[in-house]
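Chemist: Below is the file input29.txt, with compact mmCIF, C-alpha atoms (C1' of nucleotides).
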```txt
# COMPACT_ATOMS: atom_id res chain seq x y z
CA MET L 27 103.12 91.97 52.48
CA ILE L 28 100.27 93.57 54.31
CA TYR L 29 97.57 92.39 51.92
CA SER L 30 97.15 90.12 48.91
CA ARG L 31 97.64 91.06 45.31
CA SER L 32 93.90 90.81 44.82
CA ALA L 33 93.39 93.44 47.49
CA GLU L 34 96.05 95.58 45.89
CA TYR L 35 94.24 95.39 42.56
CA ALA L 36 90.99 96.28 44.26
CA ILE L 37 92.52 99.33 45.91
CA ARG L 38 94.03 100.52 42.66
CA ALA L 39 90.68 100.07 40.96
CA PHE L 40 88.95 102.05 43.69
CA VAL L 41 91.43 104.87 43.33
CA HIS L 42 90.66 104.92 39.63
CA LEU L 43 86.92 104.83 40.28
CA ALA L 44 87.26 107.77 42.65
CA SER L 45 88.12 109.95 39.68
CA VAL L 46 85.11 109.14 37.52
CA PRO L 47 82.15 111.53 37.78
CA PRO L 48 79.50 110.32 40.23
CA GLY L 49 76.69 108.41 38.53
CA LYS L 50 78.90 107.28 35.67
CA PHE L 51 80.16 103.73 35.31
CA ALA L 52 83.63 102.56 34.41
CA MET L 53 84.20 99.25 32.68
CA ALA L 54 86.35 96.58 34.28
CA LYS L 55 88.34 96.11 31.09
CA GLN L 56 89.06 99.82 30.87
CA ILE L 57 90.19 100.09 34.47
CA ALA L 58 92.35 97.02 34.02
CA GLY L 59 93.95 98.51 30.93
CA GLU L 60 94.81 101.80 32.54
CA ALA L 61 95.97 100.33 35.82
CA ASP L 62 97.85 97.43 34.23
CA ILE L 63 95.84 94.68 35.90
CA PRO L 64 94.77 91.35 34.33
CA ALA L 65 91.30 92.15 33.03
CA HIS L 66 89.38 88.99 33.79
CA PHE L 67 90.97 88.70 37.17
CA LEU L 68 90.06 92.24 38.11
CA ALA L 69 86.51 91.67 36.86
CA LYS L 70 86.07 88.82 39.33
CA ILE L 71 87.32 90.94 42.18
CA LEU L 72 85.06 93.83 41.29
CA GLN L 73 82.07 91.51 41.00
CA GLN L 74 82.84 90.19 44.44
CA LEU L 75 83.02 93.70 45.84
CA ALA L 76 79.74 94.55 44.14
CA ARG L 77 78.10 91.61 45.89
CA LYS L 78 79.47 92.91 49.18
CA GLY L 79 78.01 96.32 48.57
CA LEU L 80 81.20 98.36 48.13
CA LEU L 81 80.50 98.83 44.44
CA ARG L 82 77.42 99.15 42.29
CA SER L 83 77.41 97.42 38.92
CA SER L 84 75.42 97.74 35.73
CA LYS L 85 75.24 95.42 32.73
CA GLY L 86 75.06 96.21 29.08
CA PRO L 87 76.40 99.17 27.10
CA THR L 88 77.09 102.23 29.29
CA GLY L 89 77.43 99.70 32.11
CA GLY L 90 80.35 99.02 34.40
CA PHE L 91 81.19 99.68 38.01
CA THR L 92 80.88 102.69 40.25
CA LEU L 93 81.60 103.36 43.90
CA ALA L 94 78.69 102.68 46.23
CA ILE L 95 80.28 104.84 48.94
CA ALA L 96 81.99 108.22 48.77
CA PRO L 97 85.79 107.93 48.45
CA ARG L 98 86.13 109.82 51.69
CA ASP L 99 84.21 107.11 53.51
CA ILE L 100 85.98 104.08 52.06
CA SER L 101 89.08 102.99 53.93
CA LEU L 102 91.74 100.58 52.75
CA CYS L 103 90.63 98.41 55.63
CA GLN L 104 87.15 97.95 54.24
CA ILE L 105 88.55 96.83 50.91
CA VAL L 106 91.14 94.51 52.41
CA ASP L 107 88.50 93.06 54.69
CA ALA L 108 86.16 92.43 51.76
CA VAL L 109 88.86 90.81 49.63
CA ASP L 110 91.20 89.01 52.04
CA GLY L 111 89.30 89.04 55.29
CA LEU L 112 90.96 90.24 58.45
CA SER L 113 91.47 86.84 60.05
CA ASP L 114 95.22 86.91 59.44
CA TYR L 115 95.50 89.88 61.73
CA LYS L 116 93.66 88.17 64.50
CA ARG L 117 95.93 85.16 64.34
CA CYS L 118 98.86 85.19 66.68
CA LEU L 119 102.31 85.41 65.17
CA GLY L 120 103.45 82.75 67.59
CA GLY L 121 101.50 80.21 65.60
CA ARG L 122 98.58 79.39 67.83
CA THR L 123 95.28 80.37 66.30
CA GLU L 124 94.71 82.32 69.45
CA CYS L 125 96.90 82.92 72.48
CA ARG L 126 95.18 80.86 75.09
CA ASP L 127 96.18 80.69 78.69
CA ASP L 128 97.54 77.20 78.47
CA ALA L 129 99.44 77.84 75.25
CA PRO L 130 101.23 81.12 75.78
CA CYS L 131 103.24 82.82 73.08
CA GLY L 132 106.20 85.09 73.58
CA LEU L 133 105.31 87.27 70.63
CA HIS L 134 101.74 87.93 71.53
CA ASP L 135 102.01 91.27 73.33
CA SER L 136 104.43 93.00 71.01
CA TRP L 137 102.62 91.71 67.94
CA LYS L 138 99.33 92.93 69.33
CA ARG L 139 100.69 96.46 69.35
CA MET L 140 102.16 96.16 65.85
CA ARG L 141 98.92 94.72 64.56
CA SER L 142 96.89 97.61 65.94
CA SER L 143 99.26 99.97 64.25
CA ILE L 144 98.71 98.27 60.91
CA ILE L 145 94.96 98.18 61.30
CA ASP L 146 95.00 101.86 62.25
CA TYR L 147 96.92 102.58 59.09
CA LEU L 148 94.45 100.70 56.93
CA GLU L 149 91.46 102.23 58.67
CA GLY L 150 92.90 105.71 58.65
CA THR L 151 93.74 105.77 54.98
CA SER L 152 90.77 106.59 52.77
CA ILE L 153 90.53 106.17 49.03
CA LEU L 154 90.05 109.91 48.79
CA VAL L 155 93.40 110.57 50.41
CA VAL L 156 95.17 108.12 48.14
CA ALA L 157 93.46 109.48 45.05
CA ASN L 158 94.32 113.06 45.98
CA SER L 159 97.91 112.17 46.65
CA LEU L 160 98.16 110.47 43.28
CA GLU L 161 96.56 113.36 41.44
CA GLN L 162 98.85 115.82 43.10
CA LYS L 163 101.90 113.86 42.03
CA ARG L 164 100.66 113.66 38.47
CA ARG L 165 100.07 117.39 38.37
CA ALA L 166 103.58 117.98 39.58
CA LEU L 167 104.78 115.90 36.65
CA GLY L 168 102.69 117.73 34.12
CA GLN L 169 100.64 114.65 33.35
CA LEU L 170 97.46 116.51 34.32
CA PRO L 171 96.07 119.97 33.32
CA ALA L 172 97.26 121.42 36.66
CA GLN L 173 94.89 122.69 39.32
CA GLU L 174 91.95 120.92 37.72
CA ALA L 175 90.23 117.62 38.25
CA PRO L 176 90.49 115.22 35.31
CA ALA L 177 86.94 116.08 34.21
CA PRO L 178 86.98 117.48 30.65
CA ARG L 179 85.98 121.03 31.60
CA LYS L 180 88.28 123.91 30.88
CA ASN L 181 87.50 126.80 33.27
CA GLY L 182 89.00 127.18 36.71
CA SER L 183 86.72 126.85 39.72
CA ARG L 184 89.25 125.96 42.37
CA LYS L 185 88.11 123.27 44.72
CA LYS L 186 90.22 122.30 47.69
CA GLN L 187 90.41 118.88 49.30
CA MET J 21 100.42 88.51 57.51
CA ILE J 22 103.77 90.09 58.12
CA TYR J 23 105.79 87.02 57.23
CA SER J 24 105.33 83.55 55.80
CA ARG J 25 104.51 80.41 57.71
CA SER J 26 108.02 79.18 57.07
CA ALA J 27 109.39 82.25 58.80
CA GLU J 28 106.99 81.74 61.67
CA TYR J 29 108.22 78.18 62.10
CA ALA J 30 111.80 79.40 62.03
CA ILE J 31 111.12 81.98 64.71
CA ARG J 32 109.41 79.46 66.94
CA ALA J 33 112.33 77.08 66.46
CA PHE J 34 114.78 79.82 67.36
CA VAL J 35 112.85 80.60 70.51
CA HIS J 36 113.07 76.95 71.42
CA LEU J 37 116.77 76.84 70.62
CA ALA J 38 117.35 79.85 72.86
CA SER J 39 116.49 77.69 75.84
CA VAL J 40 118.95 74.87 75.19
CA PRO J 41 122.29 75.10 76.96
CA PRO J 42 125.00 76.65 74.78
CA GLY J 43 127.09 74.06 72.99
CA LYS J 44 124.34 71.48 72.99
CA PHE J 45 122.40 70.55 69.88
CA ALA J 46 118.67 70.08 69.52
CA MET J 47 117.24 67.76 66.90
CA ALA J 48 114.88 69.09 64.27
CA LYS J 49 112.41 66.30 64.97
CA GLN J 50 112.38 67.09 68.65
CA ILE J 51 111.85 70.82 68.13
CA ALA J 52 109.10 70.09 65.65
CA GLY J 53 107.38 67.80 68.11
CA GLU J 54 107.41 70.28 70.96
CA ALA J 55 106.49 73.28 68.85
CA ASP J 56 103.88 71.44 66.79
CA ILE J 57 105.54 72.00 63.44
CA PRO J 58 105.70 69.52 60.51
CA ALA J 59 109.03 67.79 61.13
CA HIS J 60 110.42 67.38 57.63
CA PHE J 61 109.32 70.83 56.67
CA LEU J 62 111.02 72.40 59.65
CA ALA J 63 114.17 70.40 58.95
CA LYS J 64 114.42 72.00 55.52
CA ILE J 65 114.02 75.44 56.95
CA LEU J 66 116.65 74.86 59.60
CA GLN J 67 119.07 73.46 57.04
CA GLN J 68 118.56 76.56 54.96
CA LEU J 69 119.26 78.78 57.96
CA ALA J 70 122.36 76.74 58.74
CA ARG J 71 123.64 77.39 55.23
CA LYS J 72 123.04 81.10 55.80
CA GLY J 73 125.03 81.03 59.02
CA LEU J 74 122.27 81.72 61.53
CA LEU J 75 122.49 78.17 62.85
CA ARG J 76 125.22 75.61 63.28
CA SER J 77 124.40 71.99 62.55
CA SER J 78 125.91 68.63 63.39
CA LYS J 79 125.16 65.21 61.95
CA GLY J 80 124.94 61.86 63.66
CA PRO J 81 123.97 60.95 67.22
CA THR J 82 124.20 63.92 69.63
CA GLY J 83 123.81 66.05 66.51
CA GLY J 84 121.19 68.61 65.67
CA PHE J 85 121.02 72.37 65.46
CA THR J 86 122.24 75.16 67.69
CA LEU J 87 122.20 78.93 67.48
CA ALA J 88 125.23 80.44 65.79
CA ILE J 89 124.50 83.83 67.37
CA ALA J 90 123.47 84.80 70.89
CA PRO J 91 119.66 85.13 71.25
CA ARG J 92 120.15 88.73 72.24
CA ASP J 93 121.78 89.46 68.90
CA ILE J 94 119.27 87.71 66.65
CA SER J 95 116.34 89.83 65.56
CA LEU J 96 113.14 88.64 63.96
CA CYS J 97 114.22 90.67 60.97
CA GLN J 98 117.31 88.57 60.40
CA ILE J 99 115.23 85.41 60.41
CA VAL J 100 112.50 86.78 58.19
CA ASP J 101 115.12 88.11 55.82
CA ALA J 102 116.85 84.73 55.65
CA VAL J 103 113.61 82.83 55.06
CA ASP J 104 111.36 85.15 53.05
CA GLY J 105 113.67 87.88 51.95
CA LEU J 106 112.75 91.50 52.49
CA SER J 107 111.86 92.32 48.90
CA ASP J 108 108.14 92.44 49.68
CA TYR J 109 108.76 95.39 51.95
CA LYS J 110 110.64 97.27 49.31
CA ARG J 111 107.85 96.82 46.81
CA CYS J 112 105.34 99.62 46.64
CA LEU J 113 101.81 98.91 47.75
CA GLY J 114 100.56 100.82 44.75
CA GLY J 115 101.65 97.98 42.52
CA ARG J 116 104.68 99.35 40.74
CA THR J 117 107.81 97.47 41.57
CA GLU J 118 109.25 100.77 42.57
CA CYS J 119 107.74 104.22 42.75
CA ARG J 120 109.47 105.99 39.94
CA ASP J 121 109.00 109.62 39.10
CA ASP J 122 107.07 108.95 35.95
CA ALA J 123 104.77 106.37 37.53
CA PRO J 124 103.65 107.92 40.77
CA CYS J 125 101.62 106.07 43.35
CA GLY J 126 99.22 107.61 45.80
CA LEU J 127 100.06 105.13 48.50
CA HIS J 128 103.79 105.48 48.39
CA ASP J 129 104.40 108.03 51.14
CA SER J 130 102.05 106.67 53.75
CA TRP J 131 103.11 103.09 53.08
CA LYS J 132 106.74 104.09 53.40
CA ARG J 133 106.09 105.20 56.94
CA MET J 134 104.11 102.09 57.78
CA ARG J 135 106.78 99.88 56.29
CA SER J 136 109.50 101.50 58.38
CA SER J 137 107.40 100.88 61.42
CA ILE J 138 107.12 97.19 60.61
CA ILE J 139 110.82 96.84 59.88
CA ASP J 140 111.60 98.62 63.14
CA TYR J 141 109.41 96.14 64.93
CA LEU J 142 111.14 93.17 63.36
CA GLU J 143 114.58 94.63 63.92
CA GLY J 144 113.84 95.69 67.46
CA THR J 145 112.50 92.35 68.61
CA SER J 146 115.21 89.89 69.55
CA ILE J 147 114.81 86.18 70.09
CA LEU J 148 115.95 86.75 73.65
CA VAL J 149 113.05 89.08 74.35
CA VAL J 150 110.55 86.67 72.85
CA ALA J 151 112.01 83.72 74.72
CA ASN J 152 112.00 85.62 78.01
CA SER J 153 108.44 86.72 77.51
CA LEU J 154 107.40 83.16 76.81
CA GLU J 155 109.23 81.78 79.80
CA GLN J 156 107.70 84.38 82.06
CA LYS J 157 104.22 83.46 80.91
CA ARG J 158 104.87 79.80 81.47
CA ARG J 159 106.14 80.45 84.96
CA ALA J 160 103.00 82.39 85.73
CA LEU J 161 101.02 79.35 84.65
CA GLY J 162 103.05 76.98 86.78
CA GLN J 163 104.37 75.15 83.76
CA LEU J 164 107.93 75.91 84.84
CA PRO J 165 109.76 75.57 88.20
CA ALA J 166 109.29 79.30 88.89
CA GLN J 167 112.21 81.73 89.03
CA GLU J 168 114.54 79.29 87.36
CA ALA J 169 115.68 78.75 83.82
CA PRO J 170 114.80 75.32 82.40
CA ALA J 171 118.39 74.15 82.92
CA PRO J 172 118.48 71.14 85.27
CA ARG J 173 120.14 72.94 88.16
CA LYS J 174 118.33 73.40 91.44
CA ASN J 175 119.70 76.45 93.31
CA GLY J 176 118.40 79.98 92.90
CA SER J 177 120.78 82.59 91.47
CA ARG J 178 118.32 85.23 90.26
CA LYS J 179 119.19 86.68 86.94
CA LYS J 180 117.24 89.58 85.48
CA GLN J 181 116.61 90.29 81.79
C1' DA I 21 134.36 47.66 61.57
C1' DG I 22 129.46 47.88 61.94
C1' DA I 23 125.10 49.63 63.50
C1' DA I 24 122.47 53.47 64.77
C1' DT I 25 121.38 58.25 64.32
C1' DT I 26 121.12 62.68 62.47
C1' DA I 27 121.43 66.39 58.93
C1' DA I 28 121.39 67.04 53.80
C1' DG I 29 119.10 67.00 49.69
C1' DG I 30 116.12 65.65 45.79
C1' DA I 31 111.59 64.28 44.09
C1' DC I 32 106.96 64.64 44.55
C1' DA I 33 102.08 65.75 46.31
C1' DA I 34 98.51 68.98 48.04
C1' DG I 35 96.49 73.46 48.57
C1' DC I 36 95.94 78.08 47.63
C1' DA I 37 96.47 82.44 45.14
C1' DT I 38 96.75 84.12 40.72
C1' DA I 39 95.40 84.19 36.02
C1' DT I 40 92.84 82.75 31.69
C1' DC I 41 88.95 81.20 28.82
C1' DG I 42 84.25 80.50 27.16
C1' DG I 43 79.57 80.69 27.65
C1' DT I 44 75.20 83.06 29.77
C1' DT I 45 72.36 86.86 31.20
C1' DT I 46 71.05 91.56 31.20
C1' DT I 47 70.76 96.00 29.14
C1' DT I 48 71.25 99.48 25.60
C1' DT I 49 71.11 100.95 21.00
C1' DA I 50 70.04 100.67 16.22
C1' DT Q 9 63.26 92.87 17.23
C1' DA Q 10 68.08 92.13 16.45
C1' DA Q 11 72.73 93.10 17.54
C1' DA Q 12 76.19 94.69 20.49
C1' DA Q 13 78.14 95.38 24.94
C1' DA Q 14 78.84 94.70 29.50
C1' DA Q 15 78.61 92.14 33.99
C1' DC Q 16 78.11 87.43 35.62
C1' DC Q 17 79.58 82.74 36.37
C1' DG Q 18 81.81 78.26 35.97
C1' DA Q 19 85.72 75.63 34.48
C1' DT Q 20 90.43 75.29 33.92
C1' DA Q 21 95.46 76.50 33.90
C1' DT Q 22 99.67 78.10 36.29
C1' DG Q 23 102.84 79.12 39.87
C1' DC Q 24 104.13 79.41 44.57
C1' DT Q 25 103.86 77.86 49.37
C1' DT Q 26 103.37 74.23 52.26
C1' DG Q 27 104.04 69.54 53.37
C1' DT Q 28 105.64 64.50 52.65
C1' DC Q 29 108.72 60.80 51.36
C1' DC Q 30 112.94 58.55 50.41
C1' DT Q 31 117.85 58.23 49.69
C1' DT Q 32 122.54 59.74 50.82
C1' DA Q 33 126.31 61.44 53.64
C1' DA Q 34 128.40 62.24 57.96
C1' DT Q 35 129.03 61.23 62.78
C1' DT Q 36 128.80 58.66 67.13
C1' DC Q 37 128.72 54.63 69.84
C1' DT Q 38 129.41 49.73 70.59
```
Spell out the structure here as structure tokens.
Modeler:
Amino acid sequence: MIYSRSAEYAIRAFVHLASVPPGKFAMAKQIAGEADIPAHFLAKILQQLARKGLLRSSKGPTGGFTLAIAPRDISLCQIVDAVDGLSDYKRCLGGRTECRDDAPCGLHDSWKRMRSSIIDYLEGTSILVVANSLEQKRRALGQLPAQEAPAPRKNGSRKKQ
Amino acid sequence: MIYSRSAEYAIRAFVHLASVPPGKFAMAKQIAGEADIPAHFLAKILQQLARKGLLRSSKGPTGGFTLAIAPRDISLCQIVDAVDGLSDYKRCLGGRTECRDDAPCGLHDSWKRMRSSIIDYLEGTSILVVANSLEQKRRALGQLPAQEAPAPRKNGSRKKQ
DNA sequence: AGAATTAAGGACAAGCATATCGGTTTTTTA
DNA sequence: TAAAAAACCGATATGCTTGTCCTTAATTCT
């Protein structure tokens, strides 16, 4: 797989957080429940991401987590980097920690290209895009009010993108 | 990473095996020594690949392992499939085991494209290509006789590709 | 036939990722 | 001020991957 399960959980949590009104906090337990993620495990991950500055956290009642950066400006890459680190992608598939001149590796060049492609994918995919794609699918299935963000308002001020 | 360490070891062993004369066997311990792989661990992997038909094995003195398929016809994908299985690539990055209609995932479409790209890479890269690339690098470094395959002959019938 | 050598295969150990549990601190609300 | 609620934090459990060890079976060579 491209990234760990922890990173996957983090991404799913971020997608969820992208849909809560700015300024409001969502509880770890609640996110875990809705996204079907082990609660305590997710809490640890979110705490870690709060320490790294991708999330803001608040204790006590009305507390929880909220995005520290706009969904448009958070890429999958930032999350994966914060959770897994990117060292795996710097390692050479041929086994050497790095392709040095005296220890050449037949895979190095082709892997280098593939790796860039993966990194580009992670960097080029923002939480906003993923969240929008998800919302669109749900609307198509009638699981959402249609044409409206999940905020509990009822009138219809269309907003695109 | 794209595949497990076991798969990486297998690929490196295959690259090594591509350079032994056809019909001859190479010992697991010897491959492990030259490729810097834990010997017993590699042996298990090779035995597994022999059971799956990618290698042929022989016991006793003069025994060892040899490729059951021409290097040109073995792709990284076949090896990774035999060692890791490909199920990870069928799984959706959004977390669901499969993107069903009633449980949509915002990542599904973009990941599908990325995944195909990775599979194409693994399928399109043969052991022969990797072995040739490695040999070429070694020649450039003066670690090989230059212009000659590592077979113990001495004349110079150039062969391309 | 016997000794040496190699793969085959089972048991086990170590390390890491994943997951769970309980207590502590901070904050809000009554 | 007390109680409740949430993040925070450490300890522990579990499962999988990686790695080691030892015995057995098959083959070759003397």
Chemist: Write out, as CSV, each residue of chain Q that has an atom at most 7 Å from chain L, together with the closest pair of atoms and their distance in Å to one decimal, counting only C-alpha atoms (C1' of nucleotides), rows going by chain and rising number.
Modeler:
```
residue,atom,partner,partner_atom,distance
Q:DA13,C1',L:Pro87,CA,4.7
Q:DA14,C1',L:Gly86,CA,4.1
Q:DA15,C1',L:Lys85,CA,4.9
```
Chemist: Near stretch 30-33 of chain J, within 8 Å and counting all atoms listed in the file, which residues show up once chain neighbours fewer than 5 positions away are dropped, as an MDAnalysis selection string?
Modeler: (chainID L and resid 120) or (chainID J and resid 51:52 55 62 65:66 96 99 103 147)
Chemist: Taking C-alpha atoms for each residue, export the selection above as a short mmCIF file (atom, residue, chain, number, x, y, z; two decimals), keeping the file's coordinate frame.
Modeler:
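Contents of the output file out.cif:
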```cif
data_model
loop_
_atom_site.label_atom_id
_atom_site.label_comp_id
_atom_site.auth_asym_id
_atom_site.auth_seq_id
_atom_site.Cartn_x
_atom_site.Cartn_y
_atom_site.Cartn_z
CA GLY L 120 103.45 82.75 67.59
CA ILE J 51 111.85 70.82 68.13
CA ALA J 52 109.10 70.09 65.65
CA ALA J 55 106.49 73.28 68.85
CA LEU J 62 111.02 72.40 59.65
CA ILE J 65 114.02 75.44 56.95
CA LEU J 66 116.65 74.86 59.60
CA LEU J 96 113.14 88.64 63.96
CA ILE J 99 115.23 85.41 60.41
CA VAL J 103 113.61 82.83 55.06
CA ILE J 147 114.81 86.18 70.09
#
```
Chemist: Return as a PDB file with C-alpha atoms (C1' of nucleotides), in the coordinates of the input the residues belonging to chain I that are within 10 Å of chain J, counting all atoms listed in the file.
Modeler:
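Result file is result_13.pdb:
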```
ATOM      1  C1'  DA I  24     122.470  53.470  64.770  1.00  0.00           C
ATOM      2  C1'  DT I  25     121.380  58.250  64.320  1.00  0.00           C
ATOM      3  C1'  DT I  26     121.120  62.680  62.470  1.00  0.00           C
ATOM      4  C1'  DA I  27     121.430  66.390  58.930  1.00  0.00           C
ATOM      5  C1'  DA I  28     121.390  67.040  53.800  1.00  0.00           C
ATOM      6  C1'  DG I  29     119.100  67.000  49.690  1.00  0.00           C
TER       7       DG I  29
END
```
Chemist: Go through L:Cys131, L:Arg82, L:Glu149, L:Arg139 and flag the residue nearest chain J, using only C-alpha atoms for the distances.
Modeler: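 Nearest candidate to chain J out of L:Cys131, L:Arg82, L:Glu149, L:Arg139: L:Cys131.
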Chemist: Within 7 Å of chain J, which residues belong to chain L? Use only C-alpha atoms and report them as a list in words.
Modeler: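 Close enough to count are Met27, Ile28, Glu34, Arg38, Asp114, Tyr115, Leu119, Gly120, Gly121, Pro130, Cys131, Gly132, Leu133, Val156, Ala157, Ser159, Leu160, Lys163 and Arg164 of chain L.
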Chemist: Restricting it to C-alpha atoms, dump the selection as a tab-separated table (two decimals), in the frame of the given file.
Modeler:
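Output below, filename selection_26.tsv:
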```tsv
chain	number	residue	atom	x	y	z
L	27	MET	CA	103.12	91.97	52.48
L	28	ILE	CA	100.27	93.57	54.31
L	34	GLU	CA	96.05	95.58	45.89
L	38	ARG	CA	94.03	100.52	42.66
L	114	ASP	CA	95.22	86.91	59.44
L	115	TYR	CA	95.50	89.88	61.73
L	119	LEU	CA	102.31	85.41	65.17
L	120	GLY	CA	103.45	82.75	67.59
L	121	GLY	CA	101.50	80.21	65.60
L	130	PRO	CA	101.23	81.12	75.78
L	131	CYS	CA	103.24	82.82	73.08
L	132	GLY	CA	106.20	85.09	73.58
L	133	LEU	CA	105.31	87.27	70.63
L	156	VAL	CA	95.17	108.12	48.14
L	157	ALA	CA	93.46	109.48	45.05
L	159	SER	CA	97.91	112.17	46.65
L	160	LEU	CA	98.16	110.47	43.28
L	163	LYS	CA	101.90	113.86	42.03
L	164	ARG	CA	100.66	113.66	38.47
```
Chemist: So how far away is atom C1' of Q:DT26 from atom C1' of I:DC41, in Å?
Modeler: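 A separation of 28.4 Å between them.
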Chemist: Between atom C1' of I:DA34 and atom CA of J:Pro58, what distance in Å does the model show, to one decimal?
Modeler: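 For atom C1' of I:DA34 relative to atom CA of J:Pro58, the distance reads 14.4 Å.
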Chemist: Calculate how many Å separate atom CA of L:Ala52 from atom CA of L:Thr92, rounding to one decimal.
Modeler: 6.5 Å
